[in-house]
file final-v6.txt (compact mmCIF, C-alpha atoms and all ligand atoms)
# COMPACT_ATOMS: atom_id res chain seq x y z
CA MET A 111 -32.09 -19.56 -0.21
CA PRO A 112 -30.14 -17.36 2.25
CA THR A 113 -26.53 -16.25 1.81
CA LEU A 114 -24.27 -19.08 0.76
CA LEU A 115 -20.79 -19.23 2.31
CA ALA A 116 -17.93 -20.71 0.30
CA TYR A 117 -14.23 -21.40 0.82
CA ALA A 118 -11.41 -22.97 -1.16
CA ALA A 119 -9.25 -25.20 1.06
CA PRO A 120 -10.47 -27.69 3.69
CA ARG A 121 -8.53 -25.92 6.44
CA GLU A 122 -10.47 -22.72 5.74
CA GLY A 123 -13.78 -24.56 6.01
CA ALA A 124 -12.70 -26.17 9.29
CA VAL A 125 -13.10 -22.81 11.08
CA LEU A 126 -16.86 -23.35 10.93
CA ASP A 127 -17.03 -25.35 14.13
CA ARG A 128 -20.04 -26.15 16.29
CA GLU A 129 -19.87 -22.88 18.18
CA LEU A 130 -20.69 -21.08 14.95
CA GLY A 131 -24.04 -22.87 14.97
CA ASP A 132 -25.76 -23.92 11.81
CA LEU A 133 -23.51 -22.04 9.39
CA ASP A 134 -23.05 -24.23 6.35
CA ALA A 135 -20.57 -23.67 3.55
CA LEU A 136 -19.55 -25.00 0.16
CA GLU A 137 -15.99 -26.26 -0.37
CA LEU A 138 -14.81 -25.09 -3.79
CA GLY A 139 -11.28 -26.49 -3.98
CA VAL A 140 -8.11 -24.46 -4.54
CA GLY A 141 -7.60 -22.54 -7.77
CA LYS A 142 -9.75 -20.95 -10.44
CA VAL A 143 -10.81 -24.09 -12.31
CA ALA A 144 -11.87 -26.06 -9.24
CA ALA A 145 -13.70 -23.07 -7.78
CA ALA A 146 -15.51 -22.15 -10.99
CA MET A 147 -16.60 -25.72 -11.68
CA LYS A 148 -17.88 -26.40 -8.20
CA LEU A 149 -19.65 -23.07 -7.86
CA SER A 150 -21.25 -23.20 -11.32
CA ALA A 151 -22.72 -26.61 -10.52
CA ALA A 152 -24.02 -25.35 -7.18
CA LEU A 153 -25.59 -22.17 -8.61
CA ALA A 154 -27.23 -24.13 -11.41
CA ARG A 155 -29.08 -26.10 -8.70
CA ASP A 156 -29.84 -23.40 -6.10
CA ARG A 157 -29.85 -19.63 -6.33
CA PRO A 158 -28.73 -18.07 -3.00
CA ASP A 159 -29.56 -14.46 -2.12
CA ALA A 160 -25.82 -13.76 -2.05
CA LEU A 161 -22.47 -15.53 -1.87
CA VAL A 162 -19.67 -14.75 0.59
CA LEU A 163 -16.29 -16.30 -0.19
CA PHE A 164 -14.01 -16.47 2.86
CA GLY A 165 -10.43 -17.61 3.34
CA VAL A 166 -6.79 -16.61 3.64
CA CYS A 167 -4.71 -14.61 1.18
CA GLY A 168 -1.28 -13.23 0.45
CA ALA A 169 -0.54 -9.49 0.76
CA TYR A 170 1.84 -7.68 -1.56
CA PRO A 171 4.57 -6.01 0.50
CA ALA A 172 4.64 -2.20 0.51
CA ARG A 173 7.76 -2.10 -1.68
CA HIS A 174 5.82 -3.83 -4.51
CA LEU A 175 2.61 -1.78 -4.36
CA ARG A 176 1.59 0.94 -6.76
CA ARG A 177 2.06 4.42 -5.32
CA GLY A 178 -0.71 5.53 -2.95
CA LEU A 179 -1.78 2.02 -1.90
CA ARG A 180 -1.47 0.91 1.73
CA ALA A 181 -0.01 -2.50 2.42
CA LEU A 182 -1.77 -5.00 4.68
CA GLY A 183 0.10 -7.04 7.27
CA VAL A 184 -0.07 -10.70 8.26
CA LEU A 185 -3.32 -11.39 10.19
CA ASP A 186 -5.03 -8.27 8.82
CA LEU A 187 -8.62 -8.71 7.67
CA CYS A 188 -9.92 -7.22 4.46
CA VAL A 189 -12.93 -7.27 2.18
CA VAL A 190 -11.76 -7.72 -1.41
CA ALA A 191 -13.62 -5.08 -3.40
CA SER A 192 -12.48 -6.04 -6.91
CA GLU A 193 -10.47 -8.68 -8.70
CA VAL A 194 -8.03 -8.64 -11.61
CA MET A 195 -6.87 -11.81 -13.39
CA ALA A 196 -3.16 -11.06 -12.96
CA ASP A 197 -1.44 -13.93 -14.76
CA GLU A 198 -3.76 -14.85 -17.63
CA GLY A 199 -2.02 -13.79 -20.83
CA VAL A 200 1.29 -14.08 -22.62
CA ALA A 201 4.77 -13.21 -21.33
CA THR A 202 6.80 -11.59 -24.11
CA PRO A 203 10.28 -10.04 -24.25
CA GLU A 204 8.53 -6.65 -24.26
CA GLY A 205 6.42 -7.42 -21.21
CA PHE A 206 3.20 -9.14 -20.15
CA LEU A 207 0.19 -9.03 -22.48
CA ASP A 208 -3.11 -9.72 -20.72
CA LEU A 209 -6.11 -11.43 -22.31
CA ALA A 210 -8.05 -8.18 -22.71
CA GLY A 211 -5.11 -6.52 -24.47
CA LEU A 212 -4.88 -9.52 -26.79
CA GLY A 213 -8.61 -9.36 -27.52
CA LEU A 214 -8.99 -12.88 -26.15
CA GLY A 215 -10.87 -12.46 -22.90
CA GLU A 216 -11.44 -10.46 -19.75
CA ARG A 217 -8.87 -9.22 -17.27
CA GLY A 218 -11.08 -7.28 -14.86
CA PRO A 219 -11.45 -5.50 -12.54
CA ILE A 220 -14.50 -7.52 -11.63
CA HIS A 221 -16.24 -5.71 -8.79
CA ALA A 222 -17.78 -7.35 -5.75
CA ASP A 223 -21.26 -6.28 -4.65
CA ARG A 224 -20.76 -2.83 -3.15
CA GLU A 225 -23.54 -2.89 -0.57
CA LEU A 226 -22.72 -6.36 0.77
CA SER A 227 -18.99 -5.56 0.83
CA GLU A 228 -19.66 -2.33 2.74
CA ARG A 229 -21.84 -4.13 5.29
CA ILE A 230 -19.16 -6.74 5.96
CA ALA A 231 -16.34 -4.17 6.16
CA ALA A 232 -18.39 -1.95 8.51
CA ALA A 233 -19.32 -4.85 10.80
CA LEU A 234 -15.67 -5.90 11.07
CA GLY A 235 -14.10 -2.44 10.97
CA CYS A 236 -11.73 -3.61 8.26
CA PRO A 237 -10.59 -2.03 4.98
CA GLN A 238 -11.67 -2.91 1.49
CA ALA A 239 -8.80 -3.73 -0.85
CA PRO A 240 -8.28 -4.52 -4.52
CA GLY A 241 -7.33 -8.14 -5.25
CA ALA A 242 -5.40 -10.11 -7.85
CA THR A 243 -6.25 -13.70 -8.76
CA VAL A 244 -3.41 -15.92 -9.93
CA SER A 245 -2.73 -19.55 -10.84
CA THR A 246 0.91 -19.31 -9.74
CA GLY A 247 1.25 -17.71 -6.33
CA ALA A 248 3.92 -15.02 -6.02
CA GLY A 249 6.53 -16.95 -4.07
CA THR A 250 9.41 -14.88 -5.45
CA ASP A 251 10.04 -11.16 -5.18
CA ALA A 252 10.21 -10.85 -8.97
CA LEU A 253 6.76 -12.38 -9.46
CA SER A 254 5.23 -10.44 -6.56
CA GLU A 255 6.54 -7.15 -7.92
CA ALA A 256 5.28 -7.93 -11.42
CA TYR A 257 1.79 -8.99 -10.27
CA ALA A 258 1.36 -6.01 -7.94
CA ALA A 259 2.51 -3.55 -10.61
CA ARG A 260 0.34 -4.91 -13.41
CA SER A 261 -2.79 -5.48 -11.30
CA GLY A 262 -2.78 -2.55 -8.87
CA ALA A 263 -3.85 -5.08 -6.22
CA VAL A 264 -3.04 -5.17 -2.52
CA VAL A 265 -3.90 -8.83 -1.88
CA GLU A 266 -3.55 -12.05 -3.86
CA THR A 267 -5.69 -15.17 -3.98
CA MET A 268 -6.13 -18.16 -6.27
CA GLU A 269 -9.95 -18.12 -6.56
CA GLY A 270 -11.43 -14.65 -6.08
CA GLY A 271 -11.72 -13.58 -9.72
CA ALA A 272 -13.15 -16.92 -10.78
CA VAL A 273 -15.80 -16.88 -8.05
CA ALA A 274 -16.68 -13.25 -8.82
CA THR A 275 -17.08 -14.12 -12.52
CA VAL A 276 -19.35 -17.09 -11.85
CA CYS A 277 -21.51 -15.06 -9.46
CA ARG A 278 -21.85 -12.28 -12.03
CA ARG A 279 -22.95 -14.78 -14.70
CA PHE A 280 -25.62 -16.19 -12.35
CA GLY A 281 -26.66 -12.77 -11.08
CA VAL A 282 -25.73 -13.59 -7.47
CA PRO A 283 -24.40 -10.69 -5.32
CA PHE A 284 -20.84 -11.54 -4.28
CA ALA A 285 -18.49 -10.45 -1.49
CA GLN A 286 -15.13 -11.78 -0.34
CA LEU A 287 -13.62 -11.77 3.15
CA ARG A 288 -9.93 -12.66 3.50
CA VAL A 289 -7.34 -12.72 6.27
CA VAL A 290 -3.69 -12.24 5.31
CA SER A 291 -1.76 -15.45 6.02
CA ASN A 292 1.50 -14.29 4.41
CA ARG A 293 3.28 -11.59 2.51
CA THR A 294 4.00 -12.48 -1.11
CA GLY A 295 7.54 -12.55 -2.47
CA ASP A 296 10.44 -14.74 -1.40
CA ARG A 297 8.86 -17.35 0.84
CA SER A 298 11.50 -17.20 3.59
CA GLU A 299 10.43 -13.55 4.13
CA GLY A 300 6.70 -14.18 3.93
CA GLY A 301 5.99 -14.36 7.67
CA TRP A 302 3.52 -17.19 7.08
CA ASP A 303 0.99 -17.62 9.90
CA LEU A 304 -1.73 -19.83 8.49
CA ASP A 305 -2.92 -20.99 11.92
CA GLY A 306 -3.19 -17.42 13.21
CA ALA A 307 -5.04 -16.32 10.09
CA LEU A 308 -7.56 -19.11 10.53
CA VAL A 309 -8.20 -18.01 14.14
CA GLU A 310 -8.85 -14.45 12.91
CA LEU A 311 -11.11 -15.77 10.19
CA ARG A 312 -13.19 -17.74 12.65
CA GLN A 313 -13.59 -14.70 14.90
CA ALA A 314 -14.63 -12.56 11.96
CA LEU A 315 -17.26 -15.04 10.83
CA ALA A 316 -18.59 -15.31 14.39
CA ARG A 317 -18.93 -11.54 14.49
CA LEU A 318 -20.71 -11.39 11.14
CA ARG A 319 -23.05 -14.07 12.34
CA SER A 320 -23.78 -12.38 15.67
CA GLU A 321 -24.53 -9.12 13.84
CA GLY A 322 -26.84 -10.87 11.39
CA VAL A 323 -24.73 -10.08 8.32
CA ILE A 324 -24.44 -13.77 7.34
O1 LIG A 401 2.24 -22.97 0.98
C1 LIG A 401 1.98 -23.60 2.01
O2 LIG A 401 2.85 -24.07 2.75
C2 LIG A 401 0.56 -23.83 2.37
C3 LIG A 401 0.21 -24.73 3.30
C4 LIG A 401 -1.11 -24.94 3.60
C5 LIG A 401 -2.09 -24.19 3.00
C6 LIG A 401 -1.72 -23.24 2.08
C7 LIG A 401 -2.77 -22.47 1.48
O3 LIG A 401 -3.90 -22.79 1.76
C8 LIG A 401 -2.49 -21.32 0.57
C9 LIG A 401 -3.31 -21.29 -0.70
C10 LIG A 401 -4.76 -20.88 -0.48
O4 LIG A 401 -4.84 -19.66 0.26
C11 LIG A 401 -4.91 -18.54 -0.60
N1 LIG A 401 -3.59 -17.88 -0.52
C12 LIG A 401 -2.91 -17.69 0.62
N2 LIG A 401 -1.78 -17.04 0.40
C13 LIG A 401 -1.71 -16.81 -0.91
C14 LIG A 401 -0.74 -16.17 -1.73
O5 LIG A 401 0.30 -15.65 -1.27
N3 LIG A 401 -0.99 -16.12 -3.07
C15 LIG A 401 -2.12 -16.65 -3.59
N4 LIG A 401 -3.05 -17.27 -2.84
C16 LIG A 401 -2.86 -17.35 -1.52
C17 LIG A 401 -5.29 -19.07 -1.97
O6 LIG A 401 -6.50 -18.49 -2.37
C18 LIG A 401 -5.41 -20.58 -1.80
O7 LIG A 401 -6.74 -20.99 -1.73
C19 LIG A 401 -0.42 -23.06 1.75

call {"tool": "encode", "arguments": {"input": "final-v6.txt", "output": "structure tokens", "more": "lines below"}}
Ligand SMILES: O=C(O)c1cccc(C(=O)CC[C@H]2O[C@@H](n3cnc4c(=O)[nH]cnc43)[C@H](O)[C@@H]2O)c1
result
Amino acid sequence: MPTLLAYAAPREGAVLDRELGDLDALELGVGKVAAAMKLSAALARDRPDALVLFGVCGAYPARHLRRGLRALGVLDLCVVASEVMADEGVATPEGFLDLAGLGLGERGPIHADRELSERIAAALGCPQAPGATVSTGAGTDALSEAYAARSGAVVETMEGGAVATVCRRFGVPFAQLRVVSNRTGDRSEGGWDLDGALVELRQALARLRSEGVI
């Protein structure tokens, strides 16, 4: 089976219109549980050569990033090179304890397939960036600052780490293409442009298709 495309929300999948030809994709649902369940069931049936997750994401603003990282702006494209589970753990008065630190599970980073990620980034001329996966999106400055600091991520999604984990378990090479739809932090400052991000996403997929990457 060739490369399988996947997305979380129906609006992301809607970019695959007729002009993109016979590209087919799997709708996973929003969030880690929905995405992991749907993808596990699909990979138990069919084993694609690779899986490319595409969609929109939030970008941590520059003021929240770890030193040395470059912030992305709204409508920027990126390939997410690795994922950290940024809010799985326990909040304590002394700070956040992640699952790995508690000896209860994995935090990441979970790395995407390097070769596939490089091919996508080269075809689109876009950067690769570290990602954080969360169940509660960072819609306040306090949460955005905390997630960015503890994860070292540049972008935030609600499915990436779950999809990367499932692909690793099934031995399926995984890459993730995202377009920034908003900055994280206080929502009035987020510059949300979901429609514009979906236009960029469609153009990127068309380019990957025309260059034979997907
Ligand atoms: O919040 C809204 O008003 C809203 C309206 C329509 C659609 C959406 C989404 O689809 C956002 C969630 C979706 O996209 C990814 N995403 C986008 N921005 C972020 C973010 O800042 N933090 C985490 N995830 C984000 C996410 O993977 C979801 O699948 C929102």

call {"tool": "residues_near_ligand", "arguments": {"input": "final-v6.txt", "ligand": "ligand LIG 401 (chain A)", "cutoff": "6 Å", "atoms": "all atoms listed in the file", "output": "PyMOL selection string"}}
result
chain A and resi 118-119+140+166-168+247-248+266-269+291-292+294

call {"tool": "residues_around", "arguments": {"input": "final-v6.txt", "residues": "A:Gly301", "least_positions_apart": "5", "cutoff": "12 Å", "atoms": "all atoms listed in the file", "output": "list of chain:residue names"}}
result
A:Gly168, A:Ala169, A:Pro171, A:Gly183, A:Val184, A:Leu185, A:Val290, A:Ser291, A:Asn292, A:Arg293, A:Thr294, A:Gly295, A:Asp296, A:Gly306, A:Ala307

call {"tool": "atom_distance", "arguments": {"input": "final-v6.txt", "atom1": "atom CA of A:Glu193", "atom2": "atom CA of A:Gly271"}}
result
5.2 Å

call {"tool": "residues_around", "arguments": {"input": "final-v6.txt", "residues": "A:Arg260", "least_positions_apart": "6", "cutoff": "9 Å", "atoms": "all atoms listed in the file", "output": "PyMOL selection string"}}
result
chain A and resi 176+196+206

call {"tool": "atom_distance", "arguments": {"input": "final-v6.txt", "atom1": "atom CA of A:Val276", "atom2": "atom CA of A:Ser150"}}
result
6.4 Å

call {"tool": "residues_around", "arguments": {"input": "final-v6.txt", "residues": "A:Arg224", "least_positions_apart": "3", "cutoff": "9 Å", "atoms": "all atoms listed in the file", "output": "number ranges by chain"}}
result
A: 191, 221, 227-229, 283-285

call {"tool": "write_last_selection", "arguments": {"input": "final-v6.txt", "atoms": "C-alpha atoms", "output": "PDB file, in the frame of the given file"}}
result
ATOM      1  CA  ALA A 191     -13.620  -5.080  -3.400  1.00  0.00           C
ATOM      2  CA  HIS A 221     -16.240  -5.710  -8.790  1.00  0.00           C
ATOM      3  CA  SER A 227     -18.990  -5.560   0.830  1.00  0.00           C
ATOM      4  CA  GLU A 228     -19.660  -2.330   2.740  1.00  0.00           C
ATOM      5  CA  ARG A 229     -21.840  -4.130   5.290  1.00  0.00           C
ATOM      6  CA  PRO A 283     -24.400 -10.690  -5.320  1.00  0.00           C
ATOM      7  CA  PHE A 284     -20.840 -11.540  -4.280  1.00  0.00           C
ATOM      8  CA  ALA A 285     -18.490 -10.450  -1.490  1.00  0.00           C
TER       9      ALA A 285
END

call {"tool": "atom_distance", "arguments": {"input": "final-v6.txt", "atom1": "atom CA of A:Thr246", "atom2": "atom CA of A:Ala151"}}
result
24.7 Å

call {"tool": "closest_residue", "arguments": {"input": "final-v6.txt", "among": "A:Glu137, A:Glu321, A:Asp208, A:Asp303", "to": "A:Leu149", "atoms": "only C-alpha atoms"}}
result
A:Glu137

call {"tool": "residues_around", "arguments": {"input": "final-v6.txt", "residues": "A:Arg288", "least_positions_apart": "4", "cutoff": "7 Å", "atoms": "all atoms listed in the file", "output": "NGL selection string"}}
result
:A and (164-167 or 187-189)

call {"tool": "residues_around", "arguments": {"input": "final-v6.txt", "residues": "A:Leu126", "least_positions_apart": "4", "cutoff": "9 Å", "atoms": "all atoms listed in the file", "output": "PDB file with C-alpha atoms, in the frame of the given file"}}
result
ATOM      1  CA  GLU A 122     -10.470 -22.720   5.740  1.00  0.00           C
ATOM      2  CA  LEU A 130     -20.690 -21.080  14.950  1.00  0.00           C
ATOM      3  CA  GLY A 131     -24.040 -22.870  14.970  1.00  0.00           C
ATOM      4  CA  ASP A 132     -25.760 -23.920  11.810  1.00  0.00           C
ATOM      5  CA  LEU A 133     -23.510 -22.040   9.390  1.00  0.00           C
ATOM      6  CA  ASP A 134     -23.050 -24.230   6.350  1.00  0.00           C
ATOM      7  CA  ALA A 135     -20.570 -23.670   3.550  1.00  0.00           C
ATOM      8  CA  ARG A 312     -13.190 -17.740  12.650  1.00  0.00           C
ATOM      9  CA  LEU A 315     -17.260 -15.040  10.830  1.00  0.00           C
ATOM     10  CA  ALA A 316     -18.590 -15.310  14.390  1.00  0.00           C
TER      11      ALA A 316
END

call {"tool": "closest_residue", "arguments": {"input": "final-v6.txt", "among": "A:Val244, A:Trp302, A:Tyr257, A:Gly322", "to": "A:Val143", "atoms": "only C-alpha atoms"}}
result
A:Val244
